[in-house]
$ cat query-v9.cif   # mmCIF, C-alpha atoms and all ligand atoms
data_model
loop_
_atom_site.label_atom_id
_atom_site.label_comp_id
_atom_site.auth_asym_id
_atom_site.auth_seq_id
_atom_site.Cartn_x
_atom_site.Cartn_y
_atom_site.Cartn_z
CA MET A 1 10.07 18.30 -19.74
CA SER A 2 11.42 15.52 -21.91
CA THR A 3 15.01 16.19 -20.76
CA VAL A 4 14.17 14.89 -17.31
CA ILE A 5 12.75 11.71 -18.71
CA SER A 6 15.47 11.19 -21.31
CA GLU A 7 18.01 11.43 -18.51
CA LEU A 8 15.94 8.89 -16.66
CA VAL A 9 15.54 6.28 -19.31
CA ASP A 10 16.87 6.91 -22.80
CA ALA A 11 20.29 8.36 -22.01
CA ASN A 12 20.71 5.95 -19.12
CA PRO A 13 19.60 2.39 -19.73
CA SER A 14 20.15 1.51 -16.04
CA PRO A 15 18.63 4.47 -14.21
CA ALA A 16 20.14 5.18 -10.82
CA VAL A 17 17.90 4.82 -7.80
CA ARG A 18 17.64 8.42 -6.64
CA HIS A 19 16.54 10.03 -3.38
CA ASP A 20 17.00 13.69 -4.37
CA TRP A 21 14.04 14.34 -6.65
CA THR A 22 12.53 17.83 -6.84
CA LEU A 23 8.86 18.72 -7.11
CA ALA A 24 9.55 20.35 -10.49
CA GLU A 25 11.00 17.08 -11.82
CA LEU A 26 7.99 15.16 -10.53
CA ARG A 27 5.57 17.58 -12.19
CA ALA A 28 7.41 17.20 -15.49
CA ILE A 29 7.10 13.42 -15.28
CA TYR A 30 3.46 13.34 -14.10
CA GLU A 31 2.35 15.73 -16.86
CA LEU A 32 3.90 13.85 -19.79
CA PRO A 33 1.48 12.74 -22.52
CA LEU A 34 -0.18 9.69 -20.94
CA LEU A 35 1.06 6.97 -23.28
CA GLU A 36 4.57 8.41 -23.32
CA LEU A 37 4.55 8.31 -19.51
CA VAL A 38 3.35 4.69 -19.57
CA ARG A 39 6.00 3.74 -22.12
CA ARG A 40 8.79 5.22 -19.99
CA ALA A 41 7.48 3.61 -16.81
CA ALA A 42 7.12 0.23 -18.57
CA ALA A 43 10.76 0.44 -19.70
CA VAL A 44 11.99 1.07 -16.15
CA HIS A 45 9.66 -1.61 -14.80
CA ARG A 46 11.26 -4.22 -17.08
CA GLN A 47 14.74 -3.27 -15.91
CA PHE A 48 13.91 -3.93 -12.27
CA HIS A 49 11.14 -6.56 -12.26
CA ASP A 50 9.82 -9.57 -14.13
CA PRO A 51 6.97 -7.85 -16.04
CA ALA A 52 5.04 -11.15 -16.22
CA GLU A 53 4.68 -11.33 -12.43
CA VAL A 54 2.07 -9.72 -10.20
CA GLN A 55 2.03 -10.36 -6.47
CA VAL A 56 -1.45 -11.19 -5.22
CA CYS A 57 -2.05 -10.18 -1.57
CA LYS A 58 -4.84 -10.82 0.91
CA LEU A 59 -5.79 -8.35 3.63
CA ILE A 60 -7.17 -9.86 6.83
CA SER A 61 -8.74 -7.38 9.23
CA VAL A 62 -7.75 -9.14 12.46
CA LYS A 63 -9.27 -6.38 14.60
CA THR A 64 -12.08 -4.46 12.95
CA GLY A 65 -13.72 -1.16 13.94
CA GLY A 66 -13.88 1.06 17.01
CA CYS A 67 -10.73 3.06 16.18
CA PRO A 68 -10.32 6.36 18.09
CA GLU A 69 -8.55 8.11 15.17
CA ASP A 70 -10.43 10.48 12.84
CA CYS A 71 -9.00 9.49 9.41
CA SER A 72 -11.64 11.03 7.13
CA TYR A 73 -11.70 8.10 4.70
CA CYS A 74 -11.96 5.26 7.19
CA ALA A 75 -14.95 3.00 7.82
CA GLN A 76 -13.37 1.88 11.09
CA SER A 77 -13.18 5.21 12.88
CA SER A 78 -15.57 5.27 15.84
CA ARG A 79 -16.27 8.94 15.06
CA TYR A 80 -18.39 8.18 11.97
CA GLN A 81 -21.63 6.22 11.53
CA THR A 82 -20.48 3.72 8.90
CA GLY A 83 -22.26 0.57 10.03
CA ILE A 84 -18.91 -1.04 11.00
CA ASP A 85 -18.98 -2.08 14.66
CA SER A 86 -16.06 -2.73 16.95
CA GLU A 87 -15.23 -6.43 16.91
CA PRO A 88 -12.80 -8.45 19.05
CA LEU A 89 -9.48 -9.73 17.72
CA LEU A 90 -10.08 -12.67 15.36
CA ASP A 91 -9.19 -16.06 16.80
CA ARG A 92 -6.22 -18.11 15.62
CA GLU A 93 -8.22 -20.74 13.73
CA THR A 94 -10.17 -18.14 11.74
CA VAL A 95 -6.99 -16.30 10.69
CA LEU A 96 -5.13 -19.50 9.77
CA GLY A 97 -8.16 -20.77 7.82
CA ILE A 98 -8.33 -17.55 5.76
CA ALA A 99 -4.55 -17.61 5.19
CA ARG A 100 -4.57 -21.26 4.02
CA GLN A 101 -7.44 -20.60 1.62
CA ALA A 102 -5.60 -17.51 0.32
CA LYS A 103 -2.43 -19.51 -0.31
CA ALA A 104 -4.41 -22.12 -2.24
CA ASN A 105 -5.59 -19.28 -4.51
CA GLY A 106 -2.13 -18.01 -5.46
CA ILE A 107 -1.75 -15.45 -2.69
CA SER A 108 1.87 -15.05 -1.51
CA ARG A 109 1.43 -12.20 0.97
CA VAL A 110 -1.04 -11.72 3.80
CA CYS A 111 -1.50 -8.33 5.42
CA MET A 112 -3.00 -8.38 8.93
CA GLY A 113 -4.65 -5.08 9.81
CA ALA A 114 -5.88 -3.78 13.16
CA ALA A 115 -8.05 -0.72 13.74
CA TRP A 116 -5.68 0.61 16.39
CA ARG A 117 -4.23 4.09 16.81
CA GLU A 118 -1.05 2.44 18.12
CA VAL A 119 0.09 -0.91 19.42
CA LYS A 120 -0.35 -1.34 23.17
CA ASP A 121 1.75 -3.94 24.96
CA GLY A 122 -0.40 -6.72 26.38
CA ALA A 123 -2.44 -9.79 25.48
CA SER A 124 -3.66 -8.57 22.07
CA PHE A 125 -0.16 -7.73 20.86
CA GLU A 126 1.11 -11.11 22.11
CA ARG A 127 -1.63 -12.82 20.09
CA VAL A 128 -0.71 -10.84 16.98
CA LEU A 129 2.94 -11.91 17.43
CA GLU A 130 1.80 -15.55 17.56
CA LEU A 131 -0.26 -15.02 14.39
CA VAL A 132 2.77 -13.54 12.64
CA LYS A 133 4.77 -16.68 13.48
CA GLU A 134 2.03 -19.09 12.43
CA VAL A 135 1.07 -17.42 9.15
CA THR A 136 4.77 -17.05 8.23
CA GLY A 137 5.05 -20.79 8.96
CA LEU A 138 2.57 -21.41 6.12
CA GLY A 139 5.19 -20.05 3.69
CA LEU A 140 3.53 -16.65 3.24
CA GLU A 141 5.03 -13.17 3.45
CA VAL A 142 3.34 -11.54 6.42
CA CYS A 143 2.76 -7.79 6.61
CA CYS A 144 1.14 -6.10 9.61
CA THR A 145 -0.57 -2.72 9.82
CA LEU A 146 -1.29 -2.03 13.47
CA GLY A 147 -0.84 1.76 13.76
CA MET A 148 2.04 3.49 15.50
CA LEU A 149 4.83 1.47 17.12
CA ASN A 150 7.73 2.09 19.47
CA ALA A 151 11.24 0.68 19.05
CA ASP A 152 10.65 -2.30 21.34
CA GLN A 153 7.43 -3.29 19.55
CA ALA A 154 9.18 -3.07 16.16
CA ARG A 155 11.96 -5.31 17.50
CA ARG A 156 9.44 -7.85 18.80
CA LEU A 157 7.70 -8.00 15.42
CA GLU A 158 11.10 -8.55 13.81
CA GLU A 159 11.81 -11.40 16.25
CA ALA A 160 8.46 -12.97 15.38
CA GLY A 161 9.63 -13.14 11.76
CA LEU A 162 7.50 -10.32 10.34
CA TYR A 163 8.33 -9.68 6.68
CA ALA A 164 6.81 -6.20 6.23
CA TYR A 165 5.11 -3.43 8.20
CA ASN A 166 2.57 -1.18 6.50
CA HIS A 167 2.26 2.38 7.69
CA ASN A 168 0.86 4.75 5.05
CA LEU A 169 1.59 8.46 4.83
CA ASP A 170 -1.63 8.78 2.81
CA THR A 171 -0.96 12.24 1.26
CA SER A 172 1.40 15.23 1.27
CA PRO A 173 2.67 16.71 4.56
CA GLU A 174 0.62 19.87 3.76
CA TYR A 175 -2.71 18.12 3.11
CA TYR A 176 -2.40 15.60 5.97
CA GLU A 177 -4.15 17.73 8.61
CA THR A 178 -7.17 18.16 6.32
CA ILE A 179 -7.61 14.38 6.39
CA ILE A 180 -6.48 13.44 9.91
CA THR A 181 -6.24 15.62 13.01
CA THR A 182 -5.59 13.05 15.73
CA ARG A 183 -1.96 12.44 14.76
CA ALA A 184 0.74 14.21 12.76
CA TYR A 185 2.83 13.35 9.70
CA ALA A 186 5.88 13.37 11.98
CA ASP A 187 4.30 10.59 14.09
CA ARG A 188 3.99 8.41 10.99
CA LEU A 189 7.58 9.15 9.94
CA ARG A 190 8.78 8.24 13.44
CA THR A 191 7.15 4.80 13.26
CA LEU A 192 8.57 4.25 9.76
CA GLY A 193 12.00 5.09 11.21
CA GLU A 194 11.57 2.47 13.96
CA ILE A 195 10.70 -0.19 11.37
CA ARG A 196 13.70 0.79 9.28
CA LYS A 197 16.03 0.04 12.19
CA THR A 198 14.93 -3.62 12.00
CA ARG A 199 15.10 -6.20 9.17
CA VAL A 200 11.33 -5.84 8.62
CA THR A 201 10.68 -4.31 5.18
CA VAL A 202 8.68 -1.09 4.83
CA CYS A 203 5.31 -0.83 3.08
CA CYS A 204 4.23 2.79 2.75
CA GLY A 205 2.00 4.59 0.29
CA GLY A 206 -1.17 6.61 0.17
CA ILE A 207 -4.60 7.34 -1.20
CA ILE A 208 -5.71 9.36 -4.21
CA GLY A 209 -9.17 10.85 -4.56
CA MET A 210 -9.51 12.63 -1.19
CA GLY A 211 -9.85 16.10 -2.77
CA GLU A 212 -6.08 16.63 -2.83
CA SER A 213 -4.27 18.62 -5.54
CA THR A 214 -1.81 17.15 -8.01
CA ASP A 215 0.98 18.72 -5.98
CA ASP A 216 -0.29 16.88 -2.88
CA ARG A 217 -0.05 13.57 -4.74
CA LEU A 218 3.42 14.48 -5.92
CA GLY A 219 4.31 15.69 -2.40
CA LEU A 220 3.48 12.20 -1.12
CA LEU A 221 5.62 10.57 -3.82
CA LEU A 222 8.43 13.04 -3.13
CA THR A 223 8.39 12.13 0.57
CA LEU A 224 8.41 8.40 -0.22
CA ALA A 225 11.16 8.73 -2.83
CA SER A 226 13.28 10.76 -0.38
CA LEU A 227 13.34 7.90 2.12
CA GLN A 228 16.64 5.99 2.08
CA PRO A 229 16.20 3.24 1.16
CA HIS A 230 12.87 3.58 -0.63
CA PRO A 231 9.97 1.60 0.89
CA GLU A 232 10.18 -1.92 -0.55
CA SER A 233 6.42 -1.74 -1.08
CA VAL A 234 4.30 1.25 -2.17
CA PRO A 235 0.51 0.80 -2.07
CA ILE A 236 -1.46 3.24 -4.21
CA ASN A 237 -5.03 3.25 -2.90
CA ILE A 238 -7.92 4.83 -4.76
CA LEU A 239 -10.37 6.20 -2.20
CA ALA A 240 -13.19 3.75 -1.53
CA LYS A 241 -15.99 6.16 -0.64
CA VAL A 242 -17.53 4.97 2.61
CA PRO A 243 -21.03 6.30 3.44
CA GLY A 244 -20.96 8.08 6.80
CA THR A 245 -17.36 9.33 6.47
CA PRO A 246 -16.52 12.97 5.65
CA LEU A 247 -15.19 11.86 2.23
CA ALA A 248 -18.30 9.89 1.24
CA THR A 249 -19.25 12.21 -1.62
CA THR A 250 -15.82 13.15 -2.99
CA PRO A 251 -15.74 13.07 -6.82
CA ASP A 252 -14.15 10.00 -8.48
CA VAL A 253 -10.52 10.25 -9.60
CA PRO A 254 -10.36 10.20 -13.42
CA PHE A 255 -8.73 7.00 -14.69
CA ASP A 256 -5.78 8.72 -16.36
CA GLU A 257 -4.78 10.22 -13.01
CA ILE A 258 -4.64 6.74 -11.45
CA VAL A 259 -2.31 5.61 -14.25
CA ARG A 260 -0.19 8.78 -13.91
CA MET A 261 0.23 8.16 -10.18
CA ILE A 262 1.30 4.54 -10.70
CA ALA A 263 3.70 5.38 -13.55
CA THR A 264 5.28 8.25 -11.59
CA ALA A 265 5.72 6.01 -8.52
CA ARG A 266 7.36 3.38 -10.76
CA LEU A 267 9.80 5.90 -12.28
CA LEU A 268 10.76 7.39 -8.89
CA MET A 269 11.07 4.10 -6.99
CA PRO A 270 12.09 1.59 -9.66
CA GLY A 271 12.89 -1.30 -7.32
CA SER A 272 9.76 -1.09 -5.16
CA VAL A 273 6.67 -3.24 -5.55
CA VAL A 274 3.86 -0.83 -6.53
CA ARG A 275 0.55 -2.14 -5.26
CA LEU A 276 -2.76 -1.28 -6.91
CA SER A 277 -4.72 -1.54 -3.68
CA ALA A 278 -8.12 -0.24 -2.44
CA GLY A 279 -10.45 1.04 -5.13
CA ARG A 280 -9.40 -1.48 -7.79
CA ALA A 281 -12.89 -3.02 -7.84
CA ARG A 282 -14.16 -0.12 -9.96
CA LEU A 283 -11.56 -0.67 -12.71
CA SER A 284 -12.17 -2.79 -15.80
CA VAL A 285 -9.68 -5.47 -16.89
CA ALA A 286 -8.50 -3.16 -19.69
CA GLU A 287 -7.92 -0.32 -17.20
CA GLN A 288 -6.03 -2.62 -14.86
CA ALA A 289 -3.93 -3.83 -17.81
CA LEU A 290 -2.75 -0.25 -18.39
CA CYS A 291 -1.90 0.02 -14.68
CA PHE A 292 0.23 -3.16 -14.94
CA LEU A 293 1.95 -1.78 -18.02
CA ALA A 294 2.63 1.45 -16.09
CA GLY A 295 4.44 -0.50 -13.37
CA ALA A 296 1.86 -1.77 -10.89
CA ASN A 297 2.97 -5.26 -9.89
CA SER A 298 0.70 -6.22 -7.04
CA ILE A 299 -3.02 -6.44 -6.31
CA PHE A 300 -5.19 -7.31 -3.32
CA SER A 301 -7.73 -10.06 -3.85
CA SER A 302 -10.27 -11.74 -1.58
CA GLU A 303 -12.52 -14.76 -1.20
CA ASN A 304 -15.53 -12.69 -0.17
CA GLU A 305 -15.29 -9.59 -2.38
CA THR A 306 -14.41 -7.31 0.52
CA MET A 307 -11.02 -5.83 1.20
CA LEU A 308 -10.51 -4.16 4.53
CA THR A 309 -14.08 -4.34 5.73
CA LYS A 310 -17.38 -4.84 3.94
CA ALA A 311 -17.24 -1.08 3.21
CA VAL A 312 -14.27 -1.52 0.84
CA PRO A 313 -15.07 -3.87 -2.08
CA SER A 314 -12.43 -6.15 -3.67
CA PRO A 315 -12.40 -8.34 -6.76
CA ALA A 316 -12.58 -12.08 -5.92
CA TYR A 317 -9.77 -14.68 -6.28
CA GLU A 318 -11.41 -16.46 -9.19
CA ALA A 319 -11.98 -13.30 -11.24
CA ASP A 320 -8.44 -12.09 -10.54
CA LEU A 321 -6.78 -15.37 -11.51
CA ALA A 322 -8.85 -15.32 -14.72
CA MET A 323 -7.75 -11.72 -15.40
CA LEU A 324 -4.07 -12.56 -14.86
CA GLY A 325 -4.51 -15.53 -17.23
CA VAL A 326 -6.03 -13.34 -19.95
CA LEU A 327 -3.20 -10.81 -19.60
CA GLY A 328 -0.47 -13.49 -19.58
CA LEU A 329 0.59 -12.63 -16.03
CA ARG A 330 1.32 -15.04 -13.21
CA PRO A 331 1.22 -14.69 -9.41
CA ARG A 332 4.62 -13.83 -7.92
CA PRO A 333 5.93 -16.31 -5.34
CA ALA A 334 6.62 -15.32 -1.72
CA PHE A 335 10.02 -14.00 -0.59
CA LYS A 336 11.09 -13.29 -4.18
CA SER A 337 13.55 -10.56 -3.26
CA VAL A 338 15.14 -12.36 -0.31
N1 LIG B 401 -4.87 1.44 11.88
C1 LIG B 401 -3.81 1.16 10.97
C2 LIG B 401 -3.20 2.42 10.43
O1 LIG B 401 -3.87 3.43 10.35
O2 LIG B 401 -2.04 2.40 10.02
C3 LIG B 401 -4.29 0.28 9.85
C4 LIG B 401 -5.31 0.94 9.01
S1 LIG B 401 -5.76 0.56 7.42
C5 LIG B 401 -5.80 -1.14 7.24
C6 LIG B 401 -4.37 0.92 6.45
C7 LIG B 401 -4.60 1.81 5.28
O3 LIG B 401 -5.71 1.48 4.50
C8 LIG B 401 -4.79 3.26 5.60
O4 LIG B 401 -3.58 3.87 5.95
C9 LIG B 401 -5.32 3.80 4.29
O5 LIG B 401 -4.25 4.22 3.47
C10 LIG B 401 -6.02 2.60 3.68
N2 LIG B 401 -7.47 2.81 3.65
C11 LIG B 401 -8.31 2.70 4.71
N3 LIG B 401 -9.58 3.00 4.34
C12 LIG B 401 -9.53 3.31 3.02
C13 LIG B 401 -10.51 3.72 2.07
N4 LIG B 401 -11.78 3.90 2.40
N5 LIG B 401 -10.11 3.95 0.79
C14 LIG B 401 -8.82 3.79 0.44
N6 LIG B 401 -7.85 3.43 1.30
C15 LIG B 401 -8.19 3.19 2.58
FE1 LIG B 402 -7.99 3.93 12.68
FE2 LIG B 402 -6.22 3.14 10.84
FE3 LIG B 402 -8.83 3.67 10.18
FE4 LIG B 402 -7.20 5.67 10.81
S1 LIG B 402 -6.95 4.27 9.05
S2 LIG B 402 -9.32 5.38 11.60
S3 LIG B 402 -5.90 4.73 12.38
S4 LIG B 402 -8.09 2.04 11.48
#
$ encode --input "query-v9.cif" --output "structure tokens" --more "lines below"
Ligand code: SAM
Ligand code: SF4
Amino acid sequence: MSTVISELVDANPSPAVRHDWTLAELRAIYELPLLELVRRAAAVHRQFHDPAEVQVCKLISVKTGGCPEDCSYCAQSSRYQTGIDSEPLLDRETVLGIARQAKANGISRVCMGAAWREVKDGASFERVLELVKEVTGLGLEVCCTLGMLNADQARRLEEAGLYAYNHNLDTSPEYYETIITTRAYADRLRTLGEIRKTRVTVCCGGIIGMGESTDDRLGLLLTLASLQPHPESVPINILAKVPGTPLATTPDVPFDEIVRMIATARLLMPGSVVRLSAGRARLSVAEQALCFLAGANSIFSSENETMLTKAVPSPAYEADLAMLGVLGLRPRPAFKSV
């Protein structure tokens, strides 16, 4: 077990960025004694990133609810009674107002999400393209998560100046159909491939706590780490249990497993930004500190203590800035890697 890690860090002070990991290697890493795993991940983190920086992001749900997909975790699927109704696309002034307030609170990246199965050409997409231009004009990295895309739509987002596109694989290829039946893993990979053909960076990660096995978590990381290049951004979500969804009563993920997932992602994809995303609201400052040490270098924060919708809680700007201050961390500026 330790041979794999020594090759990774000790025997090689500048570990190569690899795309040929095996599941056995991932298991050996994930199962290391916890603090040893954190120590190794922290060492790699320092080689690739400024360990004093954490990127603070803001998610704006520009089109909430009424989604035809059946993702078992999601408050926005029209198949479940979650109390989230279908709302129209937010207007320009509302989005720009939220983005300006976010920037004033240290946010350098705004993610605009839509509860769509896929992008459809037409007025709504044109309005999203305008929003991409205007929010980018505020000096913020803009990420969009709008569902599946075709090549032309990816190209139009690129032309609008989009910085990143989020499209999560959520779990392993094997477990995917237990969570979602209305689309396939291959559909997600196809959209990721269309983004990769443009200059838009890729944001792709998953969720832990959906009843998956350790091998499913590692299967997700193996898929991500096999992509060439790696996704520039890897969100690790902890399931936010939404009443009314099939996963509402799933047991909580033990804290050490959250840290193991982050540290393993950091070791496999050393140059990527690892984002501690949904589900962070349940973690104490001390628990989050261990996640930062293990290589997480981004969080989502919000003015109104909600993340995606009111069903997914988020810590607030003020509390997060105070936490970063206590830990001696500072918000990372936009476009750092450009
Ligand atoms: N419709 C778009 C799509 O599916 O790509 C955008 C959906 S949503 C904003 C993007 C991601 O949020 C999902 O892929 C999922 O990983 C995450 N997410 C949604 N609900 C969640 C929950 N209850 N707990 C944790 N993560 C969640
Ligand atoms: Fe729809 Fe996206 Fe929610 Fe799935 S995750 S139900 S595609 S909004």
$ residues_near_ligand --input "query-v9.cif" --ligand "ligand LIG 402 (chain B)" --cutoff "9 Å" --atoms "all atoms listed in the file" --output "CSV table (one decimal) with C-alpha atoms, in the frame of the given file"
chain,number,residue,atom,x,y,z
A,64,THR,CA,-12.1,-4.5,13.0
A,65,GLY,CA,-13.7,-1.2,13.9
A,66,GLY,CA,-13.9,1.1,17.0
A,67,CYS,CA,-10.7,3.1,16.2
A,68,PRO,CA,-10.3,6.4,18.1
A,69,GLU,CA,-8.6,8.1,15.2
A,70,ASP,CA,-10.4,10.5,12.8
A,71,CYS,CA,-9.0,9.5,9.4
A,72,SER,CA,-11.6,11.0,7.1
A,73,TYR,CA,-11.7,8.1,4.7
A,74,CYS,CA,-12.0,5.3,7.2
A,75,ALA,CA,-15.0,3.0,7.8
A,76,GLN,CA,-13.4,1.9,11.1
A,77,SER,CA,-13.2,5.2,12.9
A,78,SER,CA,-15.6,5.3,15.8
A,79,ARG,CA,-16.3,8.9,15.1
A,113,GLY,CA,-4.6,-5.1,9.8
A,114,ALA,CA,-5.9,-3.8,13.2
A,115,ALA,CA,-8.0,-0.7,13.7
A,116,TRP,CA,-5.7,0.6,16.4
A,117,ARG,CA,-4.2,4.1,16.8
A,118,GLU,CA,-1.0,2.4,18.1
A,145,THR,CA,-0.6,-2.7,9.8
A,146,LEU,CA,-1.3,-2.0,13.5
A,147,GLY,CA,-0.8,1.8,13.8
A,148,MET,CA,2.0,3.5,15.5
A,168,ASN,CA,0.9,4.8,5.0
A,180,ILE,CA,-6.5,13.4,9.9
A,182,THR,CA,-5.6,13.0,15.7
A,183,ARG,CA,-2.0,12.4,14.8
$ closest_residue --input "query-v9.cif" --among "A:Phe255, A:Phe300, A:Phe335, A:Phe292" --to "ligand LIG 401 (chain B)" --atoms "only C-alpha atoms and all ligand atoms"
A:Phe300
$ closest_residue --input "query-v9.cif" --among "A:Ala240, A:Val285, A:Leu329, A:Val62" --to "ligand LIG 401 (chain B)" --atoms "all atoms listed in the file"
A:Ala240
$ axis_aligned_box --input "query-v9.cif" --around "ligand LIG 401 (chain B)" --padding-each-side "5 Å" --output "AutoDock Vina command-line options"
--center_x -6.9 --center_y 1.5 --center_z 6.2 --size_x 19.7 --size_y 15.4 --size_z 21.4
$ closest_residue --input "query-v9.cif" --among "A:Arg282, A:Lys197, A:Arg188, A:His230" --to "ligand LIG 401 (chain B)" --atoms "only C-alpha atoms and all ligand atoms"
A:Arg188
$ residues_around --input "query-v9.cif" --residues "Ala151 of chain A" --least-positions-apart "5" --cutoff "12 Å" --atoms "all atoms listed in the file" --output "MDAnalysis selection string"
chainID A and resid 119 156:158 190:198
$ residues_around --input "query-v9.cif" --residues "Ile98 of chain A" --least-positions-apart "4" --cutoff "8 Å" --atoms "only C-alpha atoms" --output "compact mmCIF listing (two decimals) with C-alpha atoms, keeping the file's coordinate frame"
# COMPACT_ATOMS: atom_id res chain seq x y z
CA ILE A 60 -7.17 -9.86 6.83
CA THR A 94 -10.17 -18.14 11.74
CA ALA A 102 -5.60 -17.51 0.32
$ closest_residue --input "query-v9.cif" --among "A:Cys143, A:Ile238, A:Leu224, A:Leu218" --to "ligand LIG 401 (chain B)" --atoms "all atoms listed in the file"
A:Ile238
$ closest_residue --input "query-v9.cif" --among "A:Arg46, A:Arg275, A:Arg199, A:Arg266" --to "ligand LIG 401 (chain B)" --atoms "all atoms listed in the file"
A:Arg275
$ closest_residue --input "query-v9.cif" --among "A:Asp170, A:Glu212, A:Glu159, A:Glu36" --to "ligand LIG 401 (chain B)" --atoms "all atoms listed in the file"
A:Asp170
$ residues_around --input "query-v9.cif" --residues "segment 125-130 of chain A" --least-positions-apart "2" --cutoff "9 Å" --atoms "all atoms listed in the file" --output "ChimeraX atom specification"
/A:62,89,91-92,112,119-123,132-135,144,153,156-157,159-162
$ decode --input "query-v9.cif" --residues "segment 157-163 of chain A" --atoms "all heavy atoms" --output "PDB file, in the first residue's frame"
ATOM      1  N   LEU A 157     -21.411  29.066 -26.362  1.00  0.00           N
ATOM      2  CA  LEU A 157     -21.038  29.438 -24.982  1.00  0.00           C
ATOM      3  C   LEU A 157     -19.593  29.931 -24.954  1.00  0.00           C
ATOM      4  O   LEU A 157     -19.257  30.900 -24.268  1.00  0.00           O
ATOM      5  CB  LEU A 157     -21.240  28.249 -24.033  1.00  0.00           C
ATOM      6  CG  LEU A 157     -22.706  27.953 -23.680  1.00  0.00           C
ATOM      7  CD1 LEU A 157     -22.859  26.549 -23.101  1.00  0.00           C
ATOM      8  CD2 LEU A 157     -23.255  28.984 -22.685  1.00  0.00           C
ATOM      9  N   GLU A 158     -18.741  29.250 -25.713  1.00  0.00           N
ATOM     10  CA  GLU A 158     -17.337  29.682 -25.808  1.00  0.00           C
ATOM     11  C   GLU A 158     -17.268  31.108 -26.361  1.00  0.00           C
ATOM     12  O   GLU A 158     -16.581  31.976 -25.812  1.00  0.00           O
ATOM     13  CB  GLU A 158     -16.580  28.717 -26.724  1.00  0.00           C
ATOM     14  CG  GLU A 158     -15.127  29.111 -26.964  1.00  0.00           C
ATOM     15  CD  GLU A 158     -14.464  28.228 -28.024  1.00  0.00           C
ATOM     16  OE1 GLU A 158     -15.152  27.734 -28.946  1.00  0.00           O
ATOM     17  OE2 GLU A 158     -13.241  28.032 -27.916  1.00  0.00           O
ATOM     18  N   GLU A 159     -18.018  31.369 -27.421  1.00  0.00           N
ATOM     19  CA  GLU A 159     -18.019  32.706 -28.041  1.00  0.00           C
ATOM     20  C   GLU A 159     -18.512  33.779 -27.077  1.00  0.00           C
ATOM     21  O   GLU A 159     -18.090  34.925 -27.131  1.00  0.00           O
ATOM     22  CB  GLU A 159     -18.938  32.715 -29.275  1.00  0.00           C
ATOM     23  CG  GLU A 159     -18.280  32.168 -30.517  1.00  0.00           C
ATOM     24  CD  GLU A 159     -19.286  31.955 -31.646  1.00  0.00           C
ATOM     25  OE1 GLU A 159     -20.457  32.407 -31.528  1.00  0.00           O
ATOM     26  OE2 GLU A 159     -18.907  31.324 -32.629  1.00  0.00           O
ATOM     27  N   ALA A 160     -19.425  33.386 -26.190  1.00  0.00           N
ATOM     28  CA  ALA A 160     -19.964  34.347 -25.217  1.00  0.00           C
ATOM     29  C   ALA A 160     -18.957  34.629 -24.096  1.00  0.00           C
ATOM     30  O   ALA A 160     -19.197  35.478 -23.239  1.00  0.00           O
ATOM     31  CB  ALA A 160     -21.277  33.816 -24.636  1.00  0.00           C
ATOM     32  N   GLY A 161     -17.851  33.882 -24.088  1.00  0.00           N
ATOM     33  CA  GLY A 161     -16.804  34.132 -23.095  1.00  0.00           C
ATOM     34  C   GLY A 161     -16.918  33.254 -21.861  1.00  0.00           C
ATOM     35  O   GLY A 161     -16.282  33.537 -20.837  1.00  0.00           O
ATOM     36  N   LEU A 162     -17.694  32.169 -21.953  1.00  0.00           N
ATOM     37  CA  LEU A 162     -17.857  31.301 -20.775  1.00  0.00           C
ATOM     38  C   LEU A 162     -16.506  30.746 -20.319  1.00  0.00           C
ATOM     39  O   LEU A 162     -15.711  30.290 -21.133  1.00  0.00           O
ATOM     40  CB  LEU A 162     -18.812  30.142 -21.110  1.00  0.00           C
ATOM     41  CG  LEU A 162     -19.175  29.264 -19.914  1.00  0.00           C
ATOM     42  CD1 LEU A 162     -20.070  30.034 -18.934  1.00  0.00           C
ATOM     43  CD2 LEU A 162     -19.890  27.981 -20.357  1.00  0.00           C
ATOM     44  N   TYR A 163     -16.277  30.760 -19.009  1.00  0.00           N
ATOM     45  CA  TYR A 163     -15.012  30.290 -18.456  1.00  0.00           C
ATOM     46  C   TYR A 163     -15.039  28.785 -18.177  1.00  0.00           C
ATOM     47  O   TYR A 163     -14.044  28.094 -18.363  1.00  0.00           O
ATOM     48  CB  TYR A 163     -14.695  31.046 -17.164  1.00  0.00           C
ATOM     49  CG  TYR A 163     -13.325  30.728 -16.618  1.00  0.00           C
ATOM     50  CD1 TYR A 163     -12.184  31.250 -17.220  1.00  0.00           C
ATOM     51  CD2 TYR A 163     -13.165  29.893 -15.518  1.00  0.00           C
ATOM     52  CE1 TYR A 163     -10.916  30.945 -16.749  1.00  0.00           C
ATOM     53  CE2 TYR A 163     -11.903  29.578 -15.036  1.00  0.00           C
ATOM     54  CZ  TYR A 163     -10.777  30.109 -15.656  1.00  0.00           C
ATOM     55  OH  TYR A 163      -9.532  29.797 -15.196  1.00  0.00           O
TER      56      TYR A 163
END
